[in-house]
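As provided, model-v1.cif (mmCIF, C-alpha atoms and all ligand atoms) reads as follows.
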```
data_final
loop_
_atom_site.label_atom_id
_atom_site.label_comp_id
_atom_site.auth_asym_id
_atom_site.auth_seq_id
_atom_site.Cartn_x
_atom_site.Cartn_y
_atom_site.Cartn_z
CA MET A 298 -2.69 -3.57 -14.62
CA LYS A 299 -0.54 -1.75 -12.05
CA LEU A 300 -2.71 -2.70 -9.08
CA CYS A 301 -1.97 -4.76 -5.96
CA LEU A 302 -4.87 -5.47 -3.63
CA GLY A 303 -3.99 -4.80 0.00
CA THR A 304 -5.50 -7.18 2.52
CA VAL A 305 -5.19 -5.55 5.92
CA GLN A 306 -8.82 -4.44 5.49
CA LEU A 307 -9.82 -8.11 5.04
CA GLY A 308 -8.01 -9.40 8.10
CA LEU A 309 -8.75 -6.68 10.65
CA LYS A 310 -11.18 -3.86 11.35
CA TYR A 311 -9.14 -1.04 9.84
CA GLY A 312 -9.33 2.51 8.54
CA ILE A 313 -10.11 6.02 9.76
CA ASN A 314 -13.26 6.33 7.65
CA ASN A 315 -14.36 2.70 7.59
CA GLN A 316 -17.69 2.99 5.81
CA ILE A 317 -18.97 -0.45 6.72
CA LYS A 318 -17.83 0.16 10.35
CA ARG A 319 -16.50 -3.38 10.71
CA GLN A 320 -14.15 -5.95 9.22
CA PRO A 321 -15.68 -7.63 6.15
CA THR A 322 -17.03 -11.11 6.98
CA LYS A 323 -15.09 -14.15 5.78
CA ASN A 324 -17.52 -14.57 2.93
CA GLU A 325 -17.25 -10.92 1.92
CA GLY A 326 -13.46 -11.27 2.09
CA TYR A 327 -13.52 -14.29 -0.26
CA LYS A 328 -15.75 -12.37 -2.67
CA ILE A 329 -13.36 -9.41 -2.73
CA LEU A 330 -10.37 -11.69 -3.36
CA GLN A 331 -12.18 -13.74 -6.01
CA SER A 332 -13.46 -10.64 -7.72
CA ALA A 333 -9.95 -9.09 -7.78
CA TYR A 334 -8.61 -12.27 -9.35
CA GLU A 335 -11.37 -12.52 -11.96
CA LYS A 336 -10.93 -8.86 -12.90
CA GLY A 337 -7.23 -9.25 -13.58
CA ILE A 338 -5.45 -8.04 -10.43
CA GLU A 339 -2.22 -10.02 -10.21
CA TYR A 340 -0.73 -8.97 -6.87
CA LEU A 341 -1.90 -9.27 -3.28
CA ASP A 342 -0.19 -7.53 -0.37
CA THR A 343 -0.50 -9.15 3.03
CA ALA A 344 1.40 -9.62 6.30
CA SER A 345 1.63 -12.04 9.19
CA VAL A 346 0.23 -9.29 11.44
CA TYR A 347 -2.91 -8.63 9.36
CA GLY A 348 -5.23 -10.67 11.59
CA THR A 349 -6.86 -13.42 9.53
CA ALA A 350 -5.72 -12.12 6.11
CA GLU A 351 -3.12 -14.79 5.31
CA GLU A 352 -5.52 -17.61 6.28
CA LEU A 353 -8.29 -16.04 4.21
CA ILE A 354 -6.03 -15.89 1.15
CA GLY A 355 -4.89 -19.47 1.74
CA GLN A 356 -8.43 -20.76 2.08
CA SER A 357 -9.58 -18.94 -1.04
CA ALA A 358 -8.74 -20.34 -4.46
CA VAL A 359 -7.09 -17.21 -5.82
CA LEU A 360 -3.51 -18.47 -5.71
CA ASP A 361 -4.32 -21.84 -7.32
CA SER A 362 -3.83 -20.81 -10.95
CA GLY A 363 -0.41 -19.28 -10.27
CA VAL A 364 -1.47 -16.01 -11.93
CA MET A 365 -1.94 -14.15 -8.64
CA HIS A 366 1.27 -13.21 -6.83
CA VAL A 367 1.32 -12.75 -3.09
CA ILE A 368 3.71 -10.60 -1.11
CA THR A 369 3.77 -11.00 2.65
CA LYS A 370 5.64 -9.23 5.43
CA LEU A 371 7.48 -10.38 8.50
CA ASP A 372 6.34 -9.15 11.89
CA ALA A 373 8.58 -6.10 12.62
CA GLY A 374 8.66 -7.08 16.30
CA ILE A 375 10.40 -10.39 15.55
CA HIS A 376 14.14 -10.02 15.01
CA SER A 377 15.37 -13.52 14.15
CA GLY A 378 14.19 -16.87 12.83
CA PHE A 379 12.88 -15.33 9.60
CA VAL A 380 13.01 -18.57 7.62
CA ASN A 381 10.72 -20.22 10.18
CA GLU A 382 8.46 -17.18 10.32
CA VAL A 383 8.07 -17.27 6.54
CA LYS A 384 7.34 -21.00 6.70
CA LYS A 385 4.47 -20.23 9.10
CA SER A 386 3.12 -17.64 6.64
CA LEU A 387 3.45 -20.19 3.82
CA GLU A 388 1.45 -22.68 5.85
CA ARG A 389 -1.33 -20.13 6.38
CA LEU A 390 -1.21 -19.18 2.69
CA LYS A 391 -1.09 -22.88 1.69
CA GLN A 392 1.91 -22.21 -0.57
CA LYS A 393 5.41 -23.65 -0.98
CA SER A 394 6.82 -20.23 -1.83
CA VAL A 395 5.61 -16.69 -2.41
CA ASP A 396 6.41 -13.93 -4.84
CA GLY A 397 7.72 -11.62 -2.15
CA VAL A 398 8.65 -11.28 1.51
CA LEU A 399 9.16 -7.82 2.97
CA LEU A 400 10.54 -6.53 6.22
CA HIS A 401 7.74 -4.50 7.79
CA ASP A 402 10.03 -1.72 9.01
CA ALA A 403 13.30 -0.16 7.83
CA LEU A 404 14.76 -0.68 11.32
CA ASN A 405 14.87 -4.43 10.64
CA TYR A 406 16.77 -3.75 7.42
CA TYR A 407 19.45 -1.70 9.18
CA ASP A 408 20.29 -4.64 11.45
CA ARG A 409 22.96 -6.63 9.58
CA LEU A 410 21.82 -9.99 10.99
CA GLN A 411 18.18 -9.40 10.15
CA LEU A 412 19.05 -8.39 6.60
CA LYS A 413 21.16 -11.55 6.30
CA GLU A 414 18.17 -13.63 7.44
CA LEU A 415 15.97 -11.93 4.87
CA LEU A 416 18.47 -12.82 2.15
CA GLN A 417 18.36 -16.45 3.35
CA VAL A 418 14.59 -16.49 2.77
CA LYS A 419 15.31 -15.82 -0.91
CA GLU A 420 18.33 -18.15 -1.08
CA GLN A 421 16.20 -21.00 0.27
CA GLY A 422 13.62 -20.41 -2.45
CA LEU A 423 10.82 -19.39 -0.09
CA ALA A 424 10.37 -16.08 -1.91
CA LYS A 425 11.27 -14.99 -5.41
CA SER A 426 11.83 -11.43 -4.28
CA ILE A 427 12.63 -9.70 -1.01
CA GLY A 428 12.13 -6.15 0.11
CA VAL A 429 11.25 -3.59 2.73
CA SER A 430 8.12 -1.64 3.54
CA VAL A 431 9.11 1.84 4.71
CA TYR A 432 7.40 4.74 6.42
CA GLU A 433 9.96 7.53 6.03
CA PRO A 434 11.29 9.02 2.76
CA ARG A 435 14.88 8.96 4.04
CA ASP A 436 14.65 5.18 4.53
CA ALA A 437 13.24 4.71 1.03
CA VAL A 438 16.10 6.73 -0.48
CA ARG A 439 18.79 4.91 1.49
CA ILE A 440 17.44 1.42 0.75
CA ALA A 441 16.93 2.22 -2.94
CA GLY A 442 20.52 3.48 -3.09
CA ASP A 443 21.89 0.31 -1.48
CA GLY A 444 20.38 -1.77 -4.29
CA ILE A 445 20.21 -4.96 -2.17
CA VAL A 446 16.48 -5.70 -2.27
CA ASP A 447 14.06 -6.30 -5.13
CA TYR A 448 10.97 -4.49 -3.78
CA ILE A 449 10.34 -1.35 -1.75
CA GLN A 450 6.87 -0.44 -0.52
CA ILE A 451 6.41 3.29 0.10
CA PRO A 452 3.64 5.56 1.32
CA TYR A 453 2.66 7.87 -1.57
CA ASN A 454 -0.45 9.88 -2.37
CA VAL A 455 -1.72 13.27 -3.44
CA PHE A 456 -0.94 14.68 0.04
CA ASP A 457 2.35 12.81 0.34
CA GLN A 458 4.54 13.72 -2.61
CA ARG A 459 7.70 13.87 -0.50
CA LEU A 460 9.55 11.23 -2.51
CA ASP A 461 9.04 13.20 -5.71
CA TYR A 462 11.45 15.78 -4.28
CA THR A 463 14.20 13.18 -3.77
CA ASP A 464 16.17 10.93 -6.11
CA PHE A 465 14.34 7.86 -4.76
CA PHE A 466 12.58 6.90 -7.98
CA GLN A 467 15.76 7.31 -10.07
CA LEU A 468 17.74 5.19 -7.58
CA ALA A 469 15.10 2.48 -7.57
CA GLN A 470 15.08 2.39 -11.36
CA LYS A 471 18.87 2.34 -11.57
CA ASN A 472 19.00 -0.60 -9.13
CA ASN A 473 16.10 -2.51 -10.71
CA ILE A 474 13.94 -2.21 -7.62
CA LYS A 475 10.20 -2.43 -8.09
CA VAL A 476 8.25 0.24 -6.22
CA PHE A 477 4.92 -0.56 -4.59
CA ALA A 478 3.02 2.50 -3.37
CA ARG A 479 0.39 2.25 -0.63
CA SER A 480 -1.83 4.86 1.04
CA SER A 481 -3.46 6.32 -2.09
CA PHE A 482 -6.45 7.27 0.04
CA LEU A 483 -4.44 7.73 3.25
CA GLN A 484 -6.72 5.06 4.76
CA GLY A 485 -9.72 7.11 3.59
CA LEU A 486 -8.73 10.42 5.26
CA ILE A 487 -8.29 12.17 1.89
CA LEU A 488 -11.91 11.28 1.04
CA MET A 489 -13.42 12.35 4.35
CA ASP A 490 -16.04 15.00 4.79
CA PRO A 491 -13.98 17.90 6.25
CA ASP A 492 -16.62 18.34 8.99
CA LYS A 493 -16.13 14.76 10.19
CA ILE A 494 -12.35 14.80 10.60
CA PRO A 495 -11.35 13.83 14.16
CA TYR A 496 -9.86 16.79 16.05
CA GLN A 497 -6.42 15.08 16.24
CA LEU A 498 -6.25 15.26 12.43
CA LYS A 499 -7.71 18.76 12.00
CA GLU A 500 -4.49 19.90 10.35
CA ALA A 501 -5.66 17.94 7.29
CA GLU A 502 -8.89 19.95 6.93
CA PRO A 503 -7.61 22.90 4.82
CA PHE A 504 -5.76 20.48 2.55
CA ILE A 505 -8.88 18.37 2.01
CA LYS A 506 -10.85 21.54 1.23
CA ARG A 507 -8.18 22.73 -1.21
CA TYR A 508 -8.19 19.28 -2.84
CA ARG A 509 -11.94 19.47 -3.35
CA GLU A 510 -11.69 23.02 -4.73
CA ILE A 511 -9.11 21.98 -7.31
CA LEU A 512 -11.26 19.02 -8.34
CA CYS A 513 -14.19 21.37 -9.03
CA ASP A 514 -12.25 22.42 -12.17
CA HIS A 515 -11.73 18.82 -13.29
CA GLU A 516 -14.01 15.89 -14.03
CA PHE A 517 -12.67 13.53 -11.36
CA SER A 518 -14.17 12.66 -8.00
CA ALA A 519 -12.03 12.75 -4.84
CA ALA A 520 -11.69 8.96 -4.90
CA GLU A 521 -10.82 8.87 -8.61
CA ALA A 522 -8.18 11.59 -8.35
CA ALA A 523 -6.61 9.96 -5.27
CA MET A 524 -6.24 6.64 -7.06
CA LEU A 525 -5.10 8.19 -10.34
CA PHE A 526 -2.52 10.40 -8.67
CA SER A 527 -0.59 7.28 -7.60
CA TYR A 528 -1.52 5.19 -10.61
CA THR A 529 -0.18 7.70 -13.15
CA ASN A 530 3.21 8.03 -11.48
CA GLU A 531 5.15 6.10 -14.09
CA ASN A 532 7.86 5.11 -11.61
CA ILE A 533 5.41 3.11 -9.53
CA PHE A 534 5.22 -0.56 -10.43
CA ASN A 535 2.03 -1.28 -8.48
CA VAL A 536 -0.40 0.76 -6.41
CA VAL A 537 -1.30 -1.14 -3.24
CA PHE A 538 -4.86 -0.18 -2.37
CA GLY A 539 -7.37 -1.33 0.18
CA VAL A 540 -11.12 -1.87 -0.11
CA ASP A 541 -13.88 -2.94 2.27
CA THR A 542 -16.35 -3.95 -0.44
CA VAL A 543 -16.54 -5.36 -3.97
CA GLU A 544 -18.20 -2.08 -4.98
CA GLN A 545 -15.09 -0.10 -4.00
CA LEU A 546 -12.94 -2.60 -5.85
CA ASP A 547 -15.05 -2.17 -8.99
CA ALA A 548 -15.02 1.61 -8.65
CA ASN A 549 -11.22 1.62 -8.50
CA LEU A 550 -10.99 -0.68 -11.51
CA GLU A 551 -13.26 1.70 -13.45
CA THR A 552 -11.16 4.65 -12.30
CA ILE A 553 -7.90 3.42 -13.77
CA LYS A 554 -9.52 3.34 -17.22
CA LYS A 555 -9.43 7.15 -17.02
CA ALA A 556 -5.67 7.33 -16.51
CA GLU A 557 -4.95 8.79 -19.91
CA THR A 558 -7.14 11.83 -19.33
CA PHE A 559 -5.73 12.63 -15.88
CA LYS A 560 -2.64 14.61 -16.86
CA ASP A 561 -4.00 18.17 -16.42
CA CYS A 562 -5.65 17.29 -13.12
CA ARG A 563 -2.43 15.65 -11.90
CA ASN A 564 -0.47 18.78 -12.76
CA ALA A 565 -2.97 20.89 -10.85
CA LEU A 566 -2.49 18.68 -7.79
CA LEU A 567 1.31 18.80 -7.73
CA GLY A 568 2.58 20.15 -4.42
CA ILE A 569 -0.97 20.59 -3.06
CA ALA A 570 -0.05 19.55 0.48
CA ASP A 571 3.58 20.58 0.67
CA GLY A 572 4.41 21.28 4.29
CA ILE A 573 1.75 19.02 5.79
CA SER A 574 3.23 17.32 8.85
CA ASP A 575 4.30 13.71 9.36
CA GLN A 576 1.58 13.53 12.02
CA ILE A 577 -0.93 13.50 9.17
CA LEU A 578 1.07 11.59 6.57
CA ASN A 579 1.96 8.65 8.80
CA PRO A 580 -1.15 6.81 10.04
CA GLY A 581 1.11 5.02 12.54
CA LEU A 582 1.29 8.34 14.42
CA TRP A 583 -2.46 8.98 14.45
CA GLU A 584 -3.95 8.86 17.90
CA VAL A 585 -7.54 8.34 16.88
N1 LIG B 601 3.59 -0.62 6.44
C1 LIG B 601 2.97 -1.31 5.54
O1 LIG B 601 3.55 -2.14 4.90
C2 LIG B 601 1.51 -1.04 5.29
C3 LIG B 601 0.81 -0.14 6.08
C4 LIG B 601 -0.52 0.06 5.78
C5 LIG B 601 -1.12 -0.61 4.73
N2 LIG B 601 -0.41 -1.48 3.99
C6 LIG B 601 -1.02 -2.21 2.85
O2 LIG B 601 -1.66 -1.27 2.04
C7 LIG B 601 -3.02 -1.65 1.82
C8 LIG B 601 -3.86 -0.42 1.70
O3 LIG B 601 -3.95 0.22 2.98
P1 LIG B 601 -3.82 1.79 3.09
O4 LIG B 601 -3.68 2.12 4.50
O5 LIG B 601 -2.80 2.24 2.12
O6 LIG B 601 -5.23 2.22 2.63
P2 LIG B 601 -5.68 3.05 1.34
O7 LIG B 601 -5.58 2.19 0.14
O8 LIG B 601 -5.03 4.39 1.37
O9 LIG B 601 -7.21 3.29 1.74
C9 LIG B 601 -8.10 2.21 1.74
C10 LIG B 601 -9.46 2.72 2.11
O10 LIG B 601 -9.90 3.71 1.18
C11 LIG B 601 -11.31 3.59 1.01
N3 LIG B 601 -11.59 3.37 -0.41
C12 LIG B 601 -10.95 2.54 -1.26
N4 LIG B 601 -11.48 2.62 -2.49
C13 LIG B 601 -12.47 3.54 -2.42
C14 LIG B 601 -13.38 4.08 -3.35
N5 LIG B 601 -13.38 3.70 -4.62
N6 LIG B 601 -14.27 5.00 -2.92
C15 LIG B 601 -14.28 5.41 -1.65
N7 LIG B 601 -13.44 4.94 -0.69
C16 LIG B 601 -12.55 4.02 -1.10
C17 LIG B 601 -11.76 2.44 1.87
O11 LIG B 601 -12.04 3.00 3.14
P3 LIG B 601 -13.47 3.19 3.82
O12 LIG B 601 -13.43 2.25 4.94
O13 LIG B 601 -13.44 4.60 4.24
O14 LIG B 601 -14.53 2.89 2.87
C18 LIG B 601 -10.51 1.62 2.02
O15 LIG B 601 -10.48 0.83 3.18
C19 LIG B 601 -3.37 -2.52 3.02
O16 LIG B 601 -4.43 -3.39 2.74
C20 LIG B 601 -2.08 -3.22 3.27
O17 LIG B 601 -2.01 -4.36 2.44
C21 LIG B 601 0.91 -1.70 4.24
#
```

Take the structure in the file and write it out as structure tokens.
Ligand SMILES: NC(=O)c1ccc[n+]([C@@H]2O[C@H](COP(=O)([O-])OP(=O)(O)OC[C@H]3O[C@@H](n4cnc5c(N)ncnc54)[C@H](OP(=O)(O)O)[C@@H]3O)[C@@H](O)[C@H]2O)c1
Amino acid sequence: MKLCLGTVQLGLKYGINNQIKRQPTKNEGYKILQSAYEKGIEYLDTASVYGTAEELIGQSAVLDSGVMHVITKLDAGIHSGFVNEVKKSLERLKQKSVDGVLLHDALNYYDRLQLKELLQVKEQGLAKSIGVSVYEPRDAVRIAGDGIVDYIQIPYNVFDQRLDYTDFFQLAQKNNIKVFARSSFLQGLILMDPDKIPYQLKEAEPFIKRYREILCDHEFSAAEAAMLFSYTNENIFNVVFGVDTVEQLDANLETIKKAETFKDCRNALLGIADGISDQILNPGLWEV
């Protein structure tokens, strides 16, 4: 299954459209993690800056069997001492090593010393794979072309098809880099009622309306099509998705069973939001 459960939603109050209006409780967090494990999800995405997420994962039993892989990220604001930083994450996760450690920003990657420290994390056996989580397509293309890392995490969704117009996916494949794609729901913005969009993000409104219009001709809900758009990109190794409840987790697991019937709908959605600005596509720039 090409799914990686994101955990920022479990460690912090997060999301533009947060339906439960709060961070899940510790118990709810455990249930989401346990349920993901039992239902066959094999990857977790976390980070040292995701509030209590690493501790929650460590205190749960989901890593015990060795089937679940965890990928964590270094704090982008810390520029040295990566081996020690990873050791702190390992302590919180109660692990001796992890599947992956990512830089949380391409800027860290461009600093020769920081990249060297990341490589040391792998050399010392603290992570099987190393990588970078990027925000901008140009960074994804450059890092894929360098072929130094094992993983790249990108933003990608039905509104953000920018990387499809570049040679990113070909470069990643050529250099054996596994691509993790986050933001399938753009934090929930893609699923929002157009009337409830905050005024700072009003530019998204016509695109959301157009999305809904297209879906009227297909048998997929807005949430299903958003997940399937990423999931059916064959160059994506894993879709990193977030949930606030076990019900959303189950809904997404049901959705991917429909992947084989999604082709026509996917074609209808190609290029749907071409020209939408970075102000919408990058939640880091949202001032809401
Ligand atoms: N730079 C980075 O490396 C970076 C940045 C951001 C996130 N991430 C990772 O990516 C993960 C996902 O975060 P994201 O920002 O990309 O979020 P996302 O997956 O685009 O959206 C997650 C939100 O979509 C809604 N949702 C999910 N399934 C749904 C369903 N079946 N029906 C209706 N709504 C549904 C929920 O929001 P509601 O609250 O509206 O219900 C959920 O919180 C994070 O947990 C984190 O691990 C990494």

For this session: Find the distance between atom CA of Ala570 of chain A and atom CA of Ile449 of chain A and write it in Å to one decimal.
Result: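 These two atoms are separated by 23.4 Å.
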
Exercise. Quick one: residues within 6 Å of ligand LIG 601 (chain B), with only C-alpha atoms and all ligand atoms, as an NGL selection string?
Worked result: :A and (303-306 or 312 or 314-316 or 342-343 or 401 or 430 or 479-485 or 520 or 537-541 or 545 or 548-549)

Problem set entry | Computed interatomic separation between atom CA of Thr463 of chain A and atom CA of Val431 of chain A (Å) | 15.0 Å

Problem set entry | Shell of 8 Å around Ala441 of chain A, all atoms listed in the file, local chain residues under 2 positions omitted, as a list in words |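 Answer for this query is Ala437, Val438, Arg439, Asp443, Gly444, Ile445, Val446, Ile449, Phe465, Leu468, Ala469, Asn472 and Ile474 of chain A.
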
Problem set entry | Non-local contacts of Thr369 of chain A (8 Å; all atoms listed in the file; under 3 positions in same chain excluded) as a PyMOL selection string | chain A and resi 342-345+386+395+397-399

Exercise. Smallest atom-to-atom distance to Tyr407 of chain A: which of A:Leu546, A:Ile375, A:Leu309, A:Ile440, using all atoms listed in the file?
Worked result: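 Among A:Leu546, A:Ile375, A:Leu309, A:Ile440, it is A:Ile440 that comes nearest to Tyr407 of chain A.
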
Problem set entry | Residue among A:Asp408, A:Asp571, A:Glu352, A:Glu521 lying closest to Leu550 of chain A, counting all atoms listed in the file |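 Smallest separation from Leu550 of chain A among the options: A:Glu521.
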
Exercise. Which residue gives the smallest distance to Gln320 of chain A among A:Thr349, A:Val380, A:Tyr462, A:Ser527, with all atoms listed in the file counted?
Worked result: A:Thr349
